[in-house]
Amino acid sequence: MGDILATGDTILKVEAGGYNLTSKFPALYVKEDAHTGNPTVEIREITIDDLPPDDVLIEVHYSDVNYKDALATQPSSRVVQHYPIIPGIDLSGVIIESRNPRFREGDQVLVTGYDLGTAHFGGLSRYARVPADWVVPLPKGLSLWDAMALGTAGFTAALAMDALQMHGVRPESGAVLVTGASGGAGSMAVNMLADQHYEVAASTGKTALDYLAALGASQILYRDEVSVPSKRPLDHEKWAGGIDSIGGTTLEYLLRTTRYGGAIAAFGMRGGTQISTSVFPFILRGVHLLGIDSVYCPYDYRQEIWRRLGSDWKPSQLHRIAQNTVRLHELPHVLEQLLQGSHLGRTVVDLIRS
Ligand SMILES: NC(=O)c1ccc[n+]([C@@H]2O[C@H](COP(=O)([O-])OP(=O)(O)OC[C@H]3O[C@@H](n4cnc5c(N)ncnc54)[C@H](OP(=O)(O)O)[C@@H]3O)[C@@H](O)[C@H]2O)c1
C-alpha cells in the first residue's frame, strides 16, 4: 500500500515505483464530433496516463471560467488549436511531482495563459501536467482560491492599470472609463482602479448598478451610449483614460472621447475585432492606444504583477466579484451565461470537490 500525498482530500496514491496511473479523476473534456466536426463537451473520468508528458505534475485545487474558456467549447472559435482538449486557461494547485529543480513537491503554484487550455490540456481537470516555465509560485498574500478568483481576468486588469500608469494616467488626471464593466476583467479593473483612488466610470449592458457601485464606480453608463458608431473623428474630451474589454465601436468611442495626452488599454473583442478610426486622436490629442496581452506576458513581469496582486493591488471586493464557486458538473450553465454575456463577475471552479 502506498502513501497518500495529502493535500486536501487527494485521491492519488504513490505505489512503490511511482503514481498509480489507473486512479480516475474528472476533467472537462472537449472533442470533435465524428459526423459534424463540432466540439462536444462532457465530464470524463481520465487517468494521469491521459495527460501529456511534461516537467511538472500539479494537483489542481481551483480553476476558473473566462470568456475564452466558453469560446473553447464553440465551433469555429479558433481558440482551440487541436482536439481533444481539456479547457481551462487558469489553474492553481500543489505540485506533486517535478522534474525541474525550481519546483518541489508541495509547492503552491498558479498557471495562467501560455497554451494552457488551448493547445495543451488545461486547468479544468483534477490533475494537470505543464512545462515548468509556465509555473508561477503562489505569491504571498493570496490563497489558492484567491489566485483563481483573480485568474486571467485579474491579471489582465492589473496589466491594463499598470499600462495606464506607465503612460501618465494618474488618479488626479480625471475619470477612467471601464467598458464591459460587469464582466470578469471589467469588474476587476473597476475595483482595482477605485482602490487606487481613481474616479471610475463603468459602462454596462446589465442592470448591475448596485454591484458596480459597490466595486467603486462613481458613474455608470449604459452600453449603447458608448458603442454607437459615429463618423466624427473626434468628440468632446471626456476621459483621462480607458480600460476596454469590448473592442469594435466601443473602442472607437473611447478613441474619440479620450482627453489630450490620455491612454486606453485594450484587450477585448466581445464587440468586434475591427475598428474604424482616424489618425486624429493620435496626432491631434496625443492619445496612446495600449494593447494588452496576458497570454505570453514575459515571466519576470508576470511574477511582478502577481506579487502586486497579492499585496497593494489585491482587489478589496474580490469576494463580491467572485461570488460563485462551482463544481465541474455545474460548468455548462456558467459557460452558457458567458457566451450570452449575462455572466456577472467571476466564477471559480473547485476541482478538489468535483
Ligand atoms: N488580451 C488578453 O490577454 C485578454 C485577457 C483577458 C480577457 N480578454 C478578452 O477580454 C474580454 C472580456 O473577457 P472576460 O473573461 O472578462 O469576459 P466576460 O466575463 O464574459 O465579460 C465580458 C463582458 O462584456 C460585456 N458584453 C457581453 N456581450 C457584449 C456584446 N455583445 N457587446 C458588448 N459588450 C458585451 C458584458 O459586460 P456588461 O454587460 O457589463 O457590458 C460581459 O460581461 C473577452 O473578449 C476576452 O477574450 C483578453
# chains A, B, ... in the order shown; residues from 1 in each chain; ligands from 1
>>> residues_near_ligand(ligand="ligand 1", cutoff="6 Å", atoms="only C-alpha atoms and all ligand atoms", output="ChimeraX atom specification")
/A:66-68,152-153,156,180-186,204-206,223,245-246,267-271,292-295,338,341-344
>>> select_by_dssp(residues="region 18-255 of chain A", states="helix (DSSP H, G or I)", output="ChimeraX atom specification")
/A:48-50,67-71,132-134,144-166,171-173,184-195,209-215,223-226,248-255
>>> residues_around(residues="region 230-244 of chain A", least_positions_apart="6", cutoff="6 Å", atoms="only C-alpha atoms", output="short mmCIF file (atom, residue, chain, number, x, y, z; two decimals) with C-alpha atoms, in the first residue's frame")
data_model
loop_
_atom_site.label_atom_id
_atom_site.label_comp_id
_atom_site.auth_asym_id
_atom_site.auth_seq_id
_atom_site.Cartn_x
_atom_site.Cartn_y
_atom_site.Cartn_z
CA SER A 173 -5.79 63.04 -14.18
CA GLY A 174 -9.58 62.58 -14.23
CA ALA A 175 -12.14 59.82 -14.77
CA VAL A 176 -11.20 56.48 -16.33
CA LEU A 177 -13.91 54.59 -18.26
CA VAL A 178 -14.03 50.78 -17.93
CA THR A 179 -16.14 49.05 -20.60
CA ARG A 256 -12.92 59.80 -29.96
CA THR A 257 -13.54 60.90 -26.38
CA THR A 258 -10.24 60.38 -24.56
CA ARG A 259 -8.70 63.64 -23.46
CA GLY A 262 -4.72 60.24 -22.26
CA ALA A 263 -4.34 56.49 -22.76
CA ILE A 264 -6.55 53.49 -23.48
CA ALA A 265 -5.57 49.93 -22.52
CA ALA A 266 -7.41 47.50 -24.81
#
>>> closest_residue(among="A:Asp49, A:Gly345, A:Asp90, A:Pro171", to="Ala208 (chain A)", atoms="only C-alpha atoms")
A:Gly345
>>> select_by_dssp(residues="region 35-191 of chain A", states="strand (DSSP E or B)", output="PyMOL selection string")
chain A and resi 39-46+56-64+85+90-98+108-112+116+120+125+127-130+136-137+176-179
>>> closest_atom_pairs(of="region 128-222 of chain A", to="region 305-321 of chain A", cutoff="12 Å", atoms="only C-alpha atoms", output="Markdown table")
| residue | atom | partner | partner_atom | distance |
| --- | --- | --- | --- | --- |
| A:Val135 | CA | A:Trp306 | CA | 11.9 |
| A:Val136 | CA | A:Trp306 | CA | 8.5 |
| A:Pro137 | CA | A:Trp306 | CA | 9.3 |
| A:Leu138 | CA | A:Trp306 | CA | 8.3 |
| A:Pro139 | CA | A:Arg307 | CA | 5.5 |
| A:Lys140 | CA | A:Gly310 | CA | 5.9 |
| A:Gly141 | CA | A:Gly310 | CA | 4.5 |
| A:Leu142 | CA | A:Gly310 | CA | 5.3 |
| A:Ser143 | CA | A:Gly310 | CA | 9.0 |
| A:Leu144 | CA | A:Gly310 | CA | 11.2 |
| A:Trp145 | CA | A:His319 | CA | 10.2 |
| A:Asp146 | CA | A:Leu318 | CA | 7.8 |
| A:Ala147 | CA | A:Gly310 | CA | 8.6 |
| A:Met148 | CA | A:Leu318 | CA | 10.5 |
| A:Ala149 | CA | A:Leu318 | CA | 7.0 |
| A:Leu150 | CA | A:Leu318 | CA | 7.6 |
| A:Gly151 | CA | A:Trp306 | CA | 10.0 |
| A:Thr152 | CA | A:Trp306 | CA | 10.7 |
| A:Ala153 | CA | A:Ile321 | CA | 10.9 |
| A:Gly154 | CA | A:Leu309 | CA | 8.0 |
| A:Phe155 | CA | A:Trp306 | CA | 7.1 |
| A:Thr156 | CA | A:Ile305 | CA | 9.5 |
| A:Ala157 | CA | A:Leu309 | CA | 10.3 |
| A:Ala158 | CA | A:Ile305 | CA | 6.9 |
| A:Leu159 | CA | A:Ile305 | CA | 7.2 |
| A:Ala160 | CA | A:Ile305 | CA | 10.7 |
| A:Met161 | CA | A:Trp313 | CA | 9.9 |
| A:Asp162 | CA | A:Ile305 | CA | 8.7 |
| A:Ala163 | CA | A:Ile305 | CA | 11.4 |
| A:Ala181 | CA | A:Ile321 | CA | 11.2 |
| A:Ser182 | CA | A:Ile321 | CA | 8.9 |
| A:Gly183 | CA | A:Ile321 | CA | 9.3 |
| A:Gly184 | CA | A:Ile321 | CA | 7.8 |
| A:Ala185 | CA | A:Ile321 | CA | 10.1 |
| A:Gly186 | CA | A:Ile321 | CA | 10.2 |
| A:Ser187 | CA | A:Ile321 | CA | 6.7 |
| A:Met188 | CA | A:Pro315 | CA | 7.1 |
| A:Ala189 | CA | A:Pro315 | CA | 9.0 |
| A:Val190 | CA | A:Pro315 | CA | 9.4 |
| A:Asn191 | CA | A:Pro315 | CA | 6.0 |
| A:Met192 | CA | A:Pro315 | CA | 5.4 |
| A:Leu193 | CA | A:Trp313 | CA | 9.0 |
| A:Ala194 | CA | A:Pro315 | CA | 9.2 |
| A:Asp195 | CA | A:Ser316 | CA | 7.0 |
| A:Gln196 | CA | A:Trp313 | CA | 7.9 |
| A:His197 | CA | A:Trp313 | CA | 11.7 |
| A:Ala208 | CA | A:Ile321 | CA | 11.9 |
| A:Asp210 | CA | A:Arg320 | CA | 11.5 |
| A:Tyr211 | CA | A:Arg320 | CA | 8.3 |
| A:Leu212 | CA | A:Ile321 | CA | 9.6 |
| A:Ala213 | CA | A:Gln317 | CA | 11.2 |
| A:Ala214 | CA | A:Gln317 | CA | 8.0 |
| A:Leu215 | CA | A:Gln317 | CA | 6.3 |
| A:Gly216 | CA | A:Gln317 | CA | 9.2 |
>>> atom_distance(atom1="CA of Lys31 (chain A)", atom2="CA of Glu97 (chain A)")
27.7 Å
>>> closest_residue(among="A:Thr40, A:Gln303, A:Thr22, A:Thr250", to="Tyr83 (chain A)", atoms="only C-alpha atoms")
A:Thr40
>>> atom_distance(atom1="CA of Phe103 (chain A)", atom2="CA of Arg353 (chain A)")
25.3 Å
